[in-house]
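J.: Below is model09.tsv; it holds TSV, C-alpha atoms.
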chain	number	residue	atom	x	y	z
E	1	MET	CA	0.00	0.00	0.00
E	2	ALA	CA	2.83	2.38	0.95
E	3	SER	CA	4.50	1.63	-2.39
E	4	PHE	CA	1.26	2.36	-4.26
E	5	ARG	CA	0.86	5.65	-2.39
E	6	PHE	CA	4.45	6.57	-3.23
E	7	GLN	CA	3.79	5.95	-6.94
E	8	ILE	CA	0.67	8.15	-6.80
E	9	TYR	CA	2.70	10.88	-5.09
E	10	ILE	CA	5.44	10.72	-7.73
E	11	LEU	CA	2.87	10.91	-10.56
E	12	ALA	CA	1.19	13.90	-8.94
E	13	PHE	CA	4.54	15.54	-8.31
E	14	CYS	CA	5.56	15.12	-11.96
E	15	ALA	CA	2.20	16.36	-13.21
E	16	GLY	CA	2.61	19.49	-11.10
E	17	LEU	CA	6.18	20.06	-12.22
E	18	VAL	CA	6.01	19.35	-15.92
E	19	ILE	CA	8.74	21.87	-16.56
E	20	GLN	CA	11.25	20.10	-14.35
E	21	SER	CA	13.79	18.00	-16.20
E	22	SER	CA	13.41	15.04	-13.85
E	23	CYS	CA	9.92	14.46	-15.21
E	24	HIS	CA	10.61	15.06	-18.92
E	25	GLY	CA	11.20	11.41	-19.68
E	26	HIS	CA	7.59	10.36	-19.11
E	27	SER	CA	6.06	9.61	-22.49
E	28	GLY	CA	2.65	10.84	-21.30
E	29	LEU	CA	4.10	14.29	-20.67
E	30	GLN	CA	6.24	14.13	-23.80
E	31	LYS	CA	3.19	14.23	-26.07
E	32	LYS	CA	1.83	17.45	-24.59
E	33	HIS	CA	4.39	19.81	-26.06
E	34	VAL	CA	6.24	20.39	-29.30
E	35	ALA	CA	10.00	20.93	-28.95
E	36	LEU	CA	11.70	23.94	-30.56
E	37	PHE	CA	15.18	23.70	-32.08
E	38	ILE	CA	16.80	26.99	-33.12
E	39	PHE	CA	19.71	27.62	-35.50
E	40	GLY	CA	21.27	30.74	-36.97
E	41	ASP	CA	22.91	34.06	-36.22
E	42	SER	CA	22.64	37.07	-33.89
E	43	LEU	CA	18.93	37.55	-34.58
E	44	TYR	CA	18.38	34.25	-32.69
E	45	ASP	CA	21.52	33.85	-30.50
E	46	PRO	CA	20.51	33.65	-26.78
E	47	GLY	CA	24.12	33.81	-25.60
E	48	ASN	CA	26.09	30.93	-27.14
E	49	ASN	CA	28.89	33.35	-28.01
E	50	ASN	CA	29.39	34.05	-24.27
E	51	TYR	CA	31.07	30.63	-24.09
E	52	ILE	CA	33.39	30.68	-27.10
E	53	ASN	CA	36.81	32.22	-27.65
E	54	THR	CA	35.96	35.26	-29.78
E	55	THR	CA	36.17	39.06	-29.82
E	56	LYS	CA	33.73	41.60	-28.36
E	57	ASP	CA	32.45	42.29	-31.91
E	58	PHE	CA	30.66	38.93	-31.70
E	59	GLN	CA	29.41	39.20	-28.12
E	60	ALA	CA	26.78	41.26	-26.28
E	61	ASN	CA	27.11	40.14	-22.65
E	62	TRP	CA	27.25	43.58	-21.03
E	63	LEU	CA	24.75	46.32	-20.28
E	64	PRO	CA	22.73	47.97	-21.77
E	65	TYR	CA	22.11	44.71	-23.71
E	66	GLY	CA	19.35	42.78	-21.95
E	67	GLU	CA	18.15	45.73	-19.88
E	68	THR	CA	14.47	45.68	-20.93
E	69	PHE	CA	13.21	42.21	-20.05
E	70	PHE	CA	15.94	40.20	-18.36
E	71	ARG	CA	17.37	43.20	-16.45
E	72	TYR	CA	20.85	41.80	-17.05
E	73	PRO	CA	22.92	41.00	-20.18
E	74	THR	CA	22.27	37.44	-21.42
E	75	GLY	CA	24.36	37.63	-24.59
E	76	ARG	CA	21.35	38.47	-26.77
E	77	PHE	CA	22.08	41.25	-29.28
E	78	SER	CA	19.11	43.36	-28.22
E	79	ASP	CA	17.64	45.18	-25.24
E	80	GLY	CA	15.43	42.18	-24.45
E	81	ARG	CA	13.88	39.09	-25.99
E	82	LEU	CA	14.36	37.78	-29.53
E	83	ILE	CA	11.92	36.10	-31.94
E	84	PRO	CA	12.60	32.53	-30.61
E	85	ASP	CA	11.84	33.72	-27.06
E	86	PHE	CA	8.43	34.99	-28.13
E	87	ILE	CA	7.72	31.87	-30.21
E	88	ALA	CA	8.50	29.72	-27.15
E	89	GLU	CA	6.12	31.84	-25.07
E	90	TYR	CA	3.29	31.55	-27.62
E	91	ALA	CA	3.89	27.78	-27.84
E	92	LYS	CA	3.71	27.56	-24.01
E	93	LEU	CA	7.33	26.41	-23.78
E	94	PRO	CA	9.99	27.68	-21.38
E	95	ILE	CA	12.62	30.02	-22.87
E	96	ILE	CA	14.81	27.72	-24.98
E	97	PRO	CA	18.37	27.72	-23.59
E	98	ALA	CA	21.68	28.20	-25.38
E	99	TYR	CA	23.31	24.90	-26.34
E	100	LEU	CA	26.62	25.97	-24.73
E	101	GLN	CA	24.99	26.98	-21.43
E	102	PRO	CA	27.02	25.21	-18.74
E	103	GLY	CA	25.32	22.24	-17.10
E	104	LEU	CA	22.58	21.92	-19.74
E	105	LYS	CA	21.58	18.26	-20.09
E	106	ASP	CA	17.88	18.25	-20.91
E	107	TYR	CA	16.89	18.84	-24.54
E	108	THR	CA	13.28	17.62	-24.46
E	109	TYR	CA	11.90	21.14	-24.94
E	110	GLY	CA	14.53	21.85	-27.60
E	111	VAL	CA	17.74	23.88	-27.58
E	112	ASN	CA	19.20	26.94	-29.33
E	113	PHE	CA	22.41	26.60	-31.39
E	114	ALA	CA	22.42	30.12	-32.93
E	115	SER	CA	25.64	32.15	-32.85
E	116	GLY	CA	26.01	35.90	-33.45
E	117	GLY	CA	27.97	36.51	-36.65
E	118	ALA	CA	27.40	33.01	-38.04
E	119	GLY	CA	26.80	32.43	-41.72
E	120	ALA	CA	25.70	29.58	-43.93
E	121	LEU	CA	29.24	29.65	-45.34
E	122	VAL	CA	32.07	28.42	-43.08
E	123	GLU	CA	34.23	31.33	-44.34
E	124	SER	CA	31.93	34.02	-42.89
E	125	HIS	CA	33.71	35.30	-39.73
E	126	GLN	CA	35.60	32.01	-39.64
E	127	GLY	CA	37.22	31.28	-36.28
E	128	PHE	CA	35.09	33.83	-34.39
E	129	VAL	CA	31.62	32.21	-34.53
E	130	ILE	CA	29.80	28.87	-34.55
E	131	ASP	CA	29.03	28.47	-38.25
E	132	LEU	CA	26.05	26.52	-39.57
E	133	LYS	CA	28.16	23.43	-40.26
E	134	THR	CA	29.24	23.32	-36.59
E	135	GLN	CA	25.67	23.96	-35.42
E	136	ARG	CA	24.66	20.91	-37.46
E	137	SER	CA	27.32	18.82	-35.67
E	138	GLN	CA	26.00	20.04	-32.32
E	139	PHE	CA	22.47	19.04	-33.31
E	140	LYS	CA	23.72	15.53	-34.16
E	141	LYS	CA	25.10	15.23	-30.62
E	142	VAL	CA	21.75	16.33	-29.17
E	143	GLU	CA	19.86	13.89	-31.39
E	144	LYS	CA	22.15	11.06	-30.24
E	145	GLN	CA	21.68	12.01	-26.59
E	146	LEU	CA	17.88	12.09	-27.01
E	147	ARG	CA	17.93	8.60	-28.54
E	148	GLN	CA	20.02	7.29	-25.65
E	149	LYS	CA	17.79	8.93	-23.04
E	150	LEU	CA	14.33	8.37	-24.50
E	151	GLY	CA	14.86	5.34	-26.74
E	152	GLU	CA	14.66	5.28	-30.54
E	153	ALA	CA	10.87	5.45	-30.89
E	154	GLU	CA	10.22	8.27	-28.43
E	155	ALA	CA	13.21	10.30	-29.66
E	156	TYR	CA	11.97	9.99	-33.25
E	157	THR	CA	8.48	11.12	-32.15
E	158	LEU	CA	9.96	14.15	-30.39
E	159	LEU	CA	12.14	15.06	-33.40
E	160	SER	CA	9.35	14.59	-35.94
E	161	LYS	CA	6.88	16.70	-33.95
E	162	ALA	CA	9.47	19.39	-33.20
E	163	VAL	CA	9.68	22.73	-35.01
E	164	TYR	CA	13.05	23.86	-36.43
E	165	VAL	CA	13.58	27.59	-36.97
E	166	ILE	CA	16.58	29.26	-38.58
E	167	SER	CA	17.86	32.77	-39.30
E	168	ILE	CA	20.94	32.61	-41.53
E	169	GLY	CA	22.52	34.37	-44.51
E	170	GLY	CA	22.85	38.01	-43.46
E	171	ASN	CA	26.46	37.65	-42.34
E	172	ASP	CA	27.40	35.98	-45.62
E	173	TYR	CA	26.39	39.14	-47.47
E	174	PHE	CA	27.96	41.66	-45.06
E	175	SER	CA	31.32	39.93	-45.58
E	176	PRO	CA	33.45	40.72	-48.63
E	177	LEU	CA	32.40	38.46	-51.49
E	178	ALA	CA	34.75	35.83	-52.89
E	179	THR	CA	36.65	37.35	-55.82
E	180	ASN	CA	35.51	36.65	-59.38
E	181	THR	CA	32.13	35.37	-58.16
E	182	SER	CA	28.81	36.44	-59.62
E	183	HIS	CA	25.93	37.31	-57.31
E	184	GLU	CA	24.03	34.26	-58.57
E	185	GLU	CA	26.89	31.90	-57.80
E	186	TYR	CA	27.56	33.37	-54.35
E	187	VAL	CA	23.89	33.35	-53.27
E	188	GLY	CA	23.69	29.81	-54.70
E	189	TRP	CA	26.38	28.68	-52.25
E	190	VAL	CA	24.49	30.21	-49.29
E	191	ILE	CA	21.13	28.70	-50.32
E	192	GLY	CA	22.89	25.39	-51.11
E	193	ASN	CA	24.21	25.14	-47.53
E	194	LEU	CA	20.81	26.08	-46.13
E	195	THR	CA	19.16	23.39	-48.29
E	196	SER	CA	21.72	20.86	-47.09
E	197	TRP	CA	20.81	21.75	-43.47
E	198	ILE	CA	17.09	21.23	-44.20
E	199	LYS	CA	17.73	17.80	-45.73
E	200	ASP	CA	20.01	16.87	-42.83
E	201	VAL	CA	17.33	17.71	-40.22
E	202	TYR	CA	14.69	15.96	-42.38
E	203	LYS	CA	16.77	12.74	-42.34
E	204	LYS	CA	16.79	12.87	-38.53
E	205	GLY	CA	12.97	13.05	-38.52
E	206	GLY	CA	12.39	16.82	-38.72
E	207	ARG	CA	9.30	17.77	-40.73
E	208	LYS	CA	8.24	21.24	-39.55
E	209	PHE	CA	10.38	24.28	-40.30
E	210	GLY	CA	10.24	28.03	-39.77
E	211	PHE	CA	12.23	30.39	-42.02
E	212	SER	CA	12.48	34.12	-42.30
E	213	SER	CA	13.41	36.08	-45.37
E	214	LEU	CA	16.50	38.22	-44.90
E	215	ALA	CA	15.88	41.70	-43.51
E	216	PRO	CA	16.65	44.85	-45.56
E	217	LEU	CA	20.31	44.79	-44.46
E	218	ALA	CA	21.20	48.04	-46.22
E	219	SER	CA	18.76	49.83	-43.88
E	220	VAL	CA	20.61	48.99	-40.64
E	221	PRO	CA	22.27	52.03	-39.02
E	222	SER	CA	25.81	50.71	-39.61
E	223	MET	CA	25.22	50.67	-43.39
E	224	ARG	CA	24.29	54.38	-43.30
E	225	VAL	CA	27.79	55.25	-42.03
E	226	ILE	CA	31.04	54.96	-44.00
E	227	GLN	CA	33.03	52.67	-41.71
E	228	PRO	CA	36.83	53.05	-41.55
E	229	GLY	CA	38.61	50.27	-43.42
E	230	ASN	CA	35.35	48.84	-44.78
E	231	THR	CA	36.02	46.26	-47.48
E	232	GLY	CA	32.51	44.83	-47.64
E	233	PRO	CA	29.91	45.33	-50.35
E	234	SER	CA	28.06	48.63	-50.80
E	235	GLY	CA	24.47	49.16	-49.66
E	236	GLU	CA	23.22	48.70	-53.24
E	237	GLU	CA	25.14	45.46	-53.62
E	238	VAL	CA	23.88	44.12	-50.27
E	239	THR	CA	20.28	44.92	-51.28
E	240	ALA	CA	20.72	43.09	-54.60
E	241	LEU	CA	22.14	40.03	-52.78
E	242	VAL	CA	19.37	40.05	-50.15
E	243	LYS	CA	16.61	40.26	-52.76
E	244	LEU	CA	18.18	37.44	-54.78
E	245	HIS	CA	18.55	35.32	-51.63
E	246	ASN	CA	14.90	35.83	-50.70
E	247	ARG	CA	13.72	34.91	-54.21
E	248	LEU	CA	15.87	31.76	-54.32
E	249	LEU	CA	14.81	30.71	-50.81
E	250	SER	CA	11.13	30.88	-51.81
E	251	LYS	CA	11.84	28.75	-54.91
E	252	VAL	CA	13.81	26.14	-52.94
E	253	LEU	CA	11.10	25.81	-50.27
E	254	THR	CA	8.38	25.34	-52.90
E	255	LYS	CA	10.53	22.65	-54.56
E	256	LEU	CA	11.28	20.85	-51.28
E	257	LYS	CA	7.59	20.78	-50.38
E	258	GLN	CA	7.03	18.72	-53.53
E	259	GLU	CA	10.09	16.49	-53.04
E	260	LEU	CA	10.07	15.73	-49.31
E	261	GLN	CA	7.05	13.86	-47.99
E	262	GLY	CA	5.53	15.53	-44.92
E	263	PHE	CA	7.74	18.64	-45.20
E	264	LYS	CA	5.88	21.68	-43.82
E	265	TYR	CA	7.13	25.21	-43.42
E	266	SER	CA	6.14	28.70	-42.40
E	267	LYS	CA	7.99	31.79	-43.63
E	268	LEU	CA	8.23	35.20	-41.98
E	269	ASN	CA	8.41	38.07	-44.47
E	270	LEU	CA	11.06	39.88	-42.44
E	271	TYR	CA	12.16	42.02	-45.39
E	272	THR	CA	8.79	43.72	-45.86
E	273	TYR	CA	7.87	43.94	-42.18
E	274	ALA	CA	11.22	45.50	-41.21
E	275	LYS	CA	11.31	47.87	-44.19
E	276	GLU	CA	7.84	49.20	-43.31
E	277	ARG	CA	8.95	49.99	-39.75
E	278	VAL	CA	12.17	51.67	-40.89
E	279	ASN	CA	10.36	53.86	-43.43
E	280	HIS	CA	7.08	54.50	-41.53
E	281	PRO	CA	7.90	54.10	-37.82
E	282	SER	CA	4.95	56.11	-36.48
E	283	LYS	CA	2.50	53.80	-38.25
E	284	TYR	CA	3.71	50.99	-35.97
E	285	GLY	CA	4.07	52.95	-32.73
E	286	PHE	CA	7.73	54.02	-33.05
E	287	LYS	CA	9.28	57.48	-33.22
E	288	GLU	CA	12.66	56.62	-34.78
E	289	GLY	CA	13.15	54.15	-37.65
E	290	LYS	CA	16.67	54.84	-38.89
E	291	MET	CA	18.80	55.73	-35.85
E	292	ALA	CA	20.07	53.18	-33.30
E	293	CYS	CA	19.09	53.63	-29.66
E	294	CYS	CA	22.61	52.63	-28.62
E	295	GLY	CA	25.85	53.46	-30.48
E	296	SER	CA	27.82	56.47	-31.69
E	297	GLY	CA	28.35	58.58	-34.78
E	298	PRO	CA	25.70	59.43	-37.39
E	299	TYR	CA	22.53	57.32	-36.93
E	300	GLY	CA	24.29	55.54	-34.01
E	301	GLY	CA	25.82	53.51	-36.80
E	302	ILE	CA	29.23	52.99	-35.19
E	303	TYR	CA	29.08	49.69	-33.28
E	304	THR	CA	30.09	50.93	-29.82
E	305	CYS	CA	26.99	50.06	-27.74
E	306	GLY	CA	28.04	49.39	-24.14
E	307	GLY	CA	31.57	50.71	-24.69
E	308	LYS	CA	33.34	47.33	-24.83
E	309	ARG	CA	34.28	47.15	-28.51
E	310	GLY	CA	37.45	49.26	-28.47
E	311	VAL	CA	35.65	52.61	-28.02
E	312	THR	CA	34.32	53.37	-24.54
E	313	GLY	CA	32.08	56.32	-25.47
E	314	TYR	CA	28.56	55.73	-26.77
E	315	LYS	CA	25.10	57.28	-26.62
E	316	LEU	CA	22.02	55.54	-25.22
E	317	CYS	CA	18.49	56.73	-25.96
E	318	GLY	CA	16.05	57.62	-23.19
E	319	ASN	CA	13.18	55.37	-24.31
E	320	VAL	CA	14.09	52.20	-26.20
E	321	THR	CA	10.44	51.40	-27.03
E	322	GLU	CA	10.43	54.37	-29.44
E	323	TYR	CA	13.23	52.88	-31.58
E	324	VAL	CA	13.24	50.26	-34.35
E	325	PHE	CA	16.98	49.57	-33.91
E	326	PHE	CA	18.66	48.91	-30.58
E	327	ASP	CA	22.28	48.95	-31.77
E	328	SER	CA	24.03	49.52	-35.09
E	329	PHE	CA	22.82	46.18	-36.52
E	330	HIS	CA	20.00	44.76	-34.43
E	331	PRO	CA	16.33	45.59	-33.74
E	332	THR	CA	14.74	46.28	-30.38
E	333	GLU	CA	12.68	43.76	-28.41
E	334	ARG	CA	9.53	45.67	-29.40
E	335	VAL	CA	10.22	45.08	-33.10
E	336	TYR	CA	10.91	41.39	-32.45
E	337	GLN	CA	7.65	41.12	-30.51
E	338	GLN	CA	5.64	42.66	-33.36
E	339	MET	CA	7.34	40.35	-35.90
E	340	SER	CA	6.74	37.28	-33.73
E	341	LYS	CA	3.03	38.05	-33.33
E	342	LEU	CA	2.63	38.53	-37.08
E	343	TRP	CA	4.46	35.28	-37.83
E	344	TRP	CA	2.56	33.31	-35.19
E	345	ARG	CA	-0.82	34.50	-36.46
E	346	HIS	CA	0.17	34.04	-40.12
E	347	ASN	CA	0.65	30.27	-39.91
E	348	LEU	CA	3.52	29.43	-37.55
E	349	GLU	CA	1.05	28.45	-34.84
E	350	GLU	CA	-0.20	25.55	-36.98
E	351	LEU	CA	3.23	23.89	-36.83
E	352	PHE	CA	2.98	23.67	-33.04
E	353	GLU	CA	-0.30	21.78	-33.04
E	354	VAL	CA	0.38	18.38	-31.47
Now that the file is in, can you turn its structure into structure tokens?
T.:
Amino acid sequence: MASFRFQIYILAFCAGLVIQSSCHGHSGLQKKHVALFIFGDSLYDPGNNNYINTTKDFQANWLPYGETFFRYPTGRFSDGRLIPDFIAEYAKLPIIPAYLQPGLKDYTYGVNFASGGAGALVESHQGFVIDLKTQRSQFKKVEKQLRQKLGEAEAYTLLSKAVYVISIGGNDYFSPLATNTSHEEYVGWVIGNLTSWIKDVYKKGGRKFGFSSLAPLASVPSMRVIQPGNTGPSGEEVTALVKLHNRLLSKVLTKLKQELQGFKYSKLNLYTYAKERVNHPSKYGFKEGKMACCGSGPYGGIYTCGGKRGVTGYKLCGNVTEYVFFDSFHPTERVYQQMSKLWWRHNLEELFEV
């Protein structure tokens, strides 16, 4: 009788503490949520770059980063939460942790591999970031650990019901292009690596994907300032590359939907949504669409936010909620929240239906 009572107590305890890792292994609980696996760059990085050997250009773990929501710097390149944080909230999941967070052992709600500065090409910021190829290797380790912990069948169920979101490509186009390469060939390499990632995740059981088009990169504050020693492409060239990338991505996704059985995806039109807020901020509740809240120089376009990137002086705005951009490259939490709501209501929510 005592043993029976103990079992009842344990079941009740687990039911009350679904979010605790000790209870995650129960298959009954497993079916009640959809895991979220996140890949990409600084738009999605929750702080992985805090734990790698890199320079301050690829980190954001000091104030005023993180001041709005977390009240401390997490390593996110914004004043608060990012799109994956809002998606997790809407899907009734806990905030998905960084893969490199020390002591992390439980992946049953998913994990975030994204790294600020990462590209689809290994050469983009090579040696300073966790590129997409390495993120894929990390996912393989997680997949193996899930199979060992849950067993083949339950791990496959978790992976096939999970949603996989990615933000990648922007850093490949900010970097100087390979010499003697046409735009078509270069963008083809980026999309080719992204396609390879999709097929890789699909082979492991992944069926539901979330993509975003690239943002209007030429509109970020840093691109409005002539940077010393800049060897990257001009604003016009970046815009041409971004538009070509977005067109090719749409074509590839349409093709994969026909080729891969059960492949489902949702796409956020980040280009249009961001462009509208930059050009018509007041229409969306903002006062400033072109200038960064935190930085220095014209438009706050010099990447000095927080004073840790070689220059200690910087300006910080009085009210971050009035700004589209937080620093010289990245949007504010408020922009990310608006984007996330639009994406969720568009059709992302459907992917999280169990």
J.: Ranking E:Asp106, E:Glu333, E:Asp131, E:Glu184 by minimum distance to E:Asp85 and counting only C-alpha atoms, which one comes first?
T.: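 Answer, going by the shortest atom-to-atom distance: E:Glu333.
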J.: Using only C-alpha atoms, what does the table of stretch 52-144 of chain E residues within 12 Å of stretch 194-214 of chain E look like, with each row giving the shortest atom pair and its distance in Å to one decimal, sorted by chain and ascending number, as CSV?
T.:
residue,atom,partner,partner_atom,distance
E:Ile83,CA,E:Ser212,CA,10.6
E:Pro84,CA,E:Gly210,CA,10.5
E:Ile87,CA,E:Gly210,CA,10.6
E:Gly119,CA,E:Leu194,CA,9.8
E:Ala120,CA,E:Leu194,CA,6.4
E:Leu121,CA,E:Leu194,CA,9.2
E:Val122,CA,E:Leu194,CA,11.9
E:Asp131,CA,E:Leu194,CA,11.6
E:Leu132,CA,E:Trp197,CA,8.1
E:Lys133,CA,E:Trp197,CA,8.2
E:Thr134,CA,E:Trp197,CA,11.0
E:Gln135,CA,E:Trp197,CA,9.7
E:Arg136,CA,E:Trp197,CA,7.2
E:Ser137,CA,E:Asp200,CA,10.4
E:Gln138,CA,E:Val201,CA,12.0
E:Phe139,CA,E:Val201,CA,8.7
E:Lys140,CA,E:Lys204,CA,8.6
E:Lys141,CA,E:Lys204,CA,11.7
E:Val142,CA,E:Lys204,CA,11.1
E:Glu143,CA,E:Lys204,CA,7.8
E:Lys144,CA,E:Lys204,CA,10.0
J.: With distances taken over all atoms listed in the file, which residue among E:Pro94, E:Gly103, E:Gly170, E:Gly297 lies nearest E:Leu43?
T.: E:Gly170
J.: Could you please determine the separation between atom CA of E:Ser175 and atom CA of E:Ala218 in Å, to one decimal place?
T.: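 Atom-to-atom, atom CA of E:Ser175 to atom CA of E:Ala218, that is 13.0 Å.
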J.: Rounded to one decimal in Å, what is the spacing between atom CA of E:Arg277 and atom CA of E:Tyr164?
T.: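 Distance reported for this atom pair: 26.7 Å.
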J.: With only C-alpha atoms as the atoms that count, which of E:Lys243, E:Arg71, E:Arg345, E:Arg76 lies nearest to E:Thr272?
T.: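 Using only C-alpha atoms, E:Thr272 sits closest to E:Lys243.
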J.: Can you tell me, as a list in words, what residues are no more than 12 Å from E:Val311 when counting only C-alpha atoms, ignoring any on the same chain fewer than 2 positions away?
T.: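 Near neighbours after the sequence-gap exclusion: Lys56, Asp57, Gly295, Ser296, Gly297, Ile302, Tyr303, Thr304, Cys305, Gly306, Gly307, Lys308, Arg309, Gly313, Tyr314 and Lys315 of chain E.
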